[in-house]
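Structure record follows, encoded as structure tokens.
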Amino acid sequence: MKVLVINGPNLNMLGIREPGVYGNGSYNDLVALIRRTAEEEGVETDFFQSNHEGALVDAIQQAYGVYDGLILNPGAYTHTSIAILDALKAVSLPAVEVHISDVSKREPFRQISYAGMACVKTYMGLGFDGYLHALRFLKQYLTERP
Ligand code: DQA
């Protein structure tokens with residue numbers, strides 16, 4: 001079982017960026033945490049981060065036929081990108097949306113998630129643990145899928 005973990009803009013700045021909102025751990029800490037849990041769960045993972053919308057669309061398209069599922073935190077593109085939504089629909093891979101912060105309790109402009117419309121599940125407000133929940137959920141989802 002192969003899962004691609006995609007992180008969008010400014011998530012490379014974790015640890016520096018608004019630690020009160022996103023915590024003190026770095027992007028590399030996040031990758032190491034997910035990798036450790038994925039190994040325990042017997043899930044193969046690869047990681048992709050970009051600050052560019054088109055690069056995220058490319059990564060989703062290139063996941064087709066290679067990965068069984070996606071874990072996706074599109075960052076601010078969550079709330080703006082129909083292109084990412086369309087890419088998710090195009091490849092039709094099971095995708096789980098993750099947000100480190102609880103976007104439901106933040107500004108009005110964060111209340112819409114386009115990407116989330118093509119995801120089988122969303123975790124938000126759980127910090128880095130949200131990615132681990134997403135991984136376990138996706139593993140179960142892919143295992144039970146007929
Ligand atoms: C985020 C929430 C988004 O609103 C924000 O633009 C981000 C990070 C989160 O993980 O909480 O960049 O996706």
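Here, A, B, ... name the chains of the structure tokens in the order displayed, residue numbers run from 1 inside each chain, and ligands are numbered from 1 in the same displayed order.
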Within-6 Å residues of ligand 1, basis only C-alpha atoms and all ligand atoms, as a VMD selection string | chain A and resid 10 73 to 76 99 to 101 103 110
Quick one: write out the picked residues with all heavy atoms as a compact mmCIF listing (two decimals), in the first residue's frame?
# COMPACT_ATOMS: atom_id res chain seq x y z
N ASN A 10 3.70 27.20 2.50
CA ASN A 10 4.11 27.66 3.83
C ASN A 10 4.24 26.54 4.86
O ASN A 10 4.66 26.80 5.99
CB ASN A 10 3.15 28.76 4.36
CG ASN A 10 3.17 29.98 3.46
OD1 ASN A 10 4.24 30.51 3.20
ND2 ASN A 10 2.02 30.39 2.96
N ASN A 73 -2.61 18.26 2.76
CA ASN A 73 -2.87 19.54 3.42
C ASN A 73 -2.53 20.62 2.41
O ASN A 73 -1.36 20.96 2.24
CB ASN A 73 -2.02 19.69 4.69
CG ASN A 73 -2.30 20.99 5.41
OD1 ASN A 73 -2.98 21.88 4.86
ND2 ASN A 73 -1.78 21.14 6.61
N PRO A 74 -3.54 21.16 1.73
CA PRO A 74 -3.24 22.14 0.68
C PRO A 74 -2.93 23.54 1.20
O PRO A 74 -2.81 24.47 0.39
CB PRO A 74 -4.54 22.15 -0.16
CG PRO A 74 -5.43 21.08 0.39
CD PRO A 74 -4.99 20.83 1.79
N GLY A 75 -2.80 23.71 2.52
CA GLY A 75 -2.52 25.05 3.06
C GLY A 75 -3.59 26.03 2.61
O GLY A 75 -4.77 25.68 2.52
N ALA A 76 -3.17 27.23 2.30
CA ALA A 76 -4.14 28.27 1.92
C ALA A 76 -4.88 27.94 0.62
O ALA A 76 -5.99 28.43 0.40
CB ALA A 76 -3.43 29.62 1.78
N HIS A 99 -5.72 19.40 8.30
CA HIS A 99 -5.31 20.75 8.69
C HIS A 99 -4.79 20.70 10.11
O HIS A 99 -5.46 20.13 11.00
CB HIS A 99 -6.47 21.75 8.58
CG HIS A 99 -6.97 21.85 7.19
ND1 HIS A 99 -6.25 22.49 6.19
CD2 HIS A 99 -8.06 21.34 6.59
CE1 HIS A 99 -6.91 22.37 5.07
NE2 HIS A 99 -8.00 21.68 5.27
N ILE A 100 -3.64 21.27 10.31
CA ILE A 100 -3.01 21.25 11.64
C ILE A 100 -3.86 22.06 12.62
O ILE A 100 -4.10 21.64 13.75
CB ILE A 100 -1.57 21.83 11.53
CG1 ILE A 100 -0.72 20.91 10.65
CG2 ILE A 100 -0.95 22.01 12.91
CD1 ILE A 100 0.60 21.51 10.20
N SER A 101 -4.32 23.21 12.16
CA SER A 101 -5.17 24.06 13.00
C SER A 101 -6.64 23.71 12.78
O SER A 101 -6.98 23.04 11.81
CB SER A 101 -4.93 25.53 12.65
OG SER A 101 -5.38 25.80 11.33
N VAL A 103 -9.48 24.91 11.38
CA VAL A 103 -9.91 25.99 10.47
C VAL A 103 -11.38 26.38 10.70
O VAL A 103 -11.76 27.51 10.42
CB VAL A 103 -9.67 25.64 8.98
CG1 VAL A 103 -8.20 25.74 8.62
CG2 VAL A 103 -10.19 24.27 8.61
N ARG A 110 -11.52 31.07 5.72
CA ARG A 110 -11.01 29.68 5.81
C ARG A 110 -12.16 28.67 5.93
O ARG A 110 -11.92 27.48 6.11
CB ARG A 110 -10.09 29.52 7.03
CG ARG A 110 -8.80 30.33 6.93
CD ARG A 110 -7.87 30.04 8.08
NE ARG A 110 -7.00 31.16 8.34
CZ ARG A 110 -5.82 31.37 7.71
NH1 ARG A 110 -5.37 30.50 6.83
NH2 ARG A 110 -5.10 32.43 7.99
Non-local contacts of range 81-97 of chain A (9 Å; only C-alpha atoms; under 5 positions in same chain excluded) as a PyMOL selection string = chain A and resi 53-54+56-58+60-65+67-74+76+113-124+131+134-135+137-138+141-142
Give me a file of those residues, with C-alpha atoms, as an mmCIF file, in the first residue's frame.
data_model
loop_
_atom_site.group_PDB
_atom_site.id
_atom_site.type_symbol
_atom_site.label_atom_id
_atom_site.label_comp_id
_atom_site.auth_asym_id
_atom_site.auth_seq_id
_atom_site.Cartn_x
_atom_site.Cartn_y
_atom_site.Cartn_z
ATOM 1 C CA GLU A 53 -0.475 25.563 -6.945
ATOM 2 C CA GLY A 54 0.454 24.079 -10.338
ATOM 3 C CA LEU A 56 0.549 20.517 -6.364
ATOM 4 C CA VAL A 57 -1.783 19.802 -9.296
ATOM 5 C CA ASP A 58 1.122 18.054 -11.099
ATOM 6 C CA ILE A 60 -1.751 14.845 -7.732
ATOM 7 C CA GLN A 61 -1.901 13.967 -11.433
ATOM 8 C CA GLN A 62 1.392 12.061 -11.267
ATOM 9 C CA ALA A 63 0.098 10.066 -8.294
ATOM 10 C CA TYR A 64 -2.373 8.356 -10.642
ATOM 11 C CA GLY A 65 -1.428 4.715 -11.127
ATOM 12 C CA TYR A 67 -0.170 5.544 -5.251
ATOM 13 C CA ASP A 68 -3.185 3.932 -3.597
ATOM 14 C CA GLY A 69 -4.197 7.048 -1.708
ATOM 15 C CA LEU A 70 -3.304 10.614 -0.783
ATOM 16 C CA ILE A 71 -2.982 12.588 2.435
ATOM 17 C CA LEU A 72 -3.287 16.247 1.599
ATOM 18 C CA ASN A 73 -2.874 19.536 3.421
ATOM 19 C CA PRO A 74 -3.243 22.136 0.676
ATOM 20 C CA ALA A 76 -4.136 28.269 1.918
ATOM 21 C CA SER A 113 -12.541 23.871 1.536
ATOM 22 C CA TYR A 114 -12.595 23.114 -2.166
ATOM 23 C CA ALA A 115 -10.143 20.205 -1.836
ATOM 24 C CA GLY A 116 -12.241 18.762 0.963
ATOM 25 C CA MET A 117 -15.130 18.298 -1.475
ATOM 26 C CA ALA A 118 -13.154 15.483 -3.120
ATOM 27 C CA CYS A 119 -11.800 13.921 0.091
ATOM 28 C CA VAL A 120 -13.196 10.896 1.917
ATOM 29 C CA LYS A 121 -12.366 12.356 5.350
ATOM 30 C CA THR A 122 -11.004 15.503 7.023
ATOM 31 C CA TYR A 123 -8.991 15.883 10.219
ATOM 32 C CA MET A 124 -8.441 19.374 11.627
ATOM 33 C CA TYR A 131 -1.683 13.215 9.723
ATOM 34 C CA ALA A 134 -5.338 10.266 8.334
ATOM 35 C CA LEU A 135 -2.784 7.522 7.690
ATOM 36 C CA PHE A 137 -7.964 5.935 8.387
ATOM 37 C CA LEU A 138 -6.639 5.620 4.833
ATOM 38 C CA TYR A 141 -10.309 2.524 4.041
ATOM 39 C CA LEU A 142 -8.030 0.950 1.418
#
Secondary structure check, alpha helix (DSSP H) residues of chain A, as a VMD selection string = chain A and resid 19 to 22 27 to 41 53 to 63 82 to 91 129 to 144
Pick out each residue of chain A that DSSP on the backbone tags as strand (DSSP E); I need them as a ChimeraX atom specification.
-> /A:2-7,44-49,69-73,95-99,121-124
Work out how far CA of Ala38 in chain A is from CA of Ser50 in chain A, in Å to one decimal.
->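 These atoms are spaced 21.6 Å apart.
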Record the distance separating CA of Leu14 in chain A and CA of Asp102 in chain A, expressed in Å with one decimal.
->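 Going from CA of Leu14 in chain A over to CA of Asp102 in chain A, I get 15.8 Å.
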Would you work out the distance separating CA of Arg35 in chain A from CA of Gln111 in chain A, expressed in Å to one decimal?
-> 29.9 Å
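Using only C-alpha atoms, the shortest contact distance between Glu40 in chain A and any of A:Leu4, A:Asn24, A:Leu132, A:Gly127 is found at A:Leu132.
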Go through A:Leu126, A:Val98, A:Ile112, A:Val3 and flag the residue nearest Glu39 in chain A, using only C-alpha atoms for the distances.
-> A:Val3
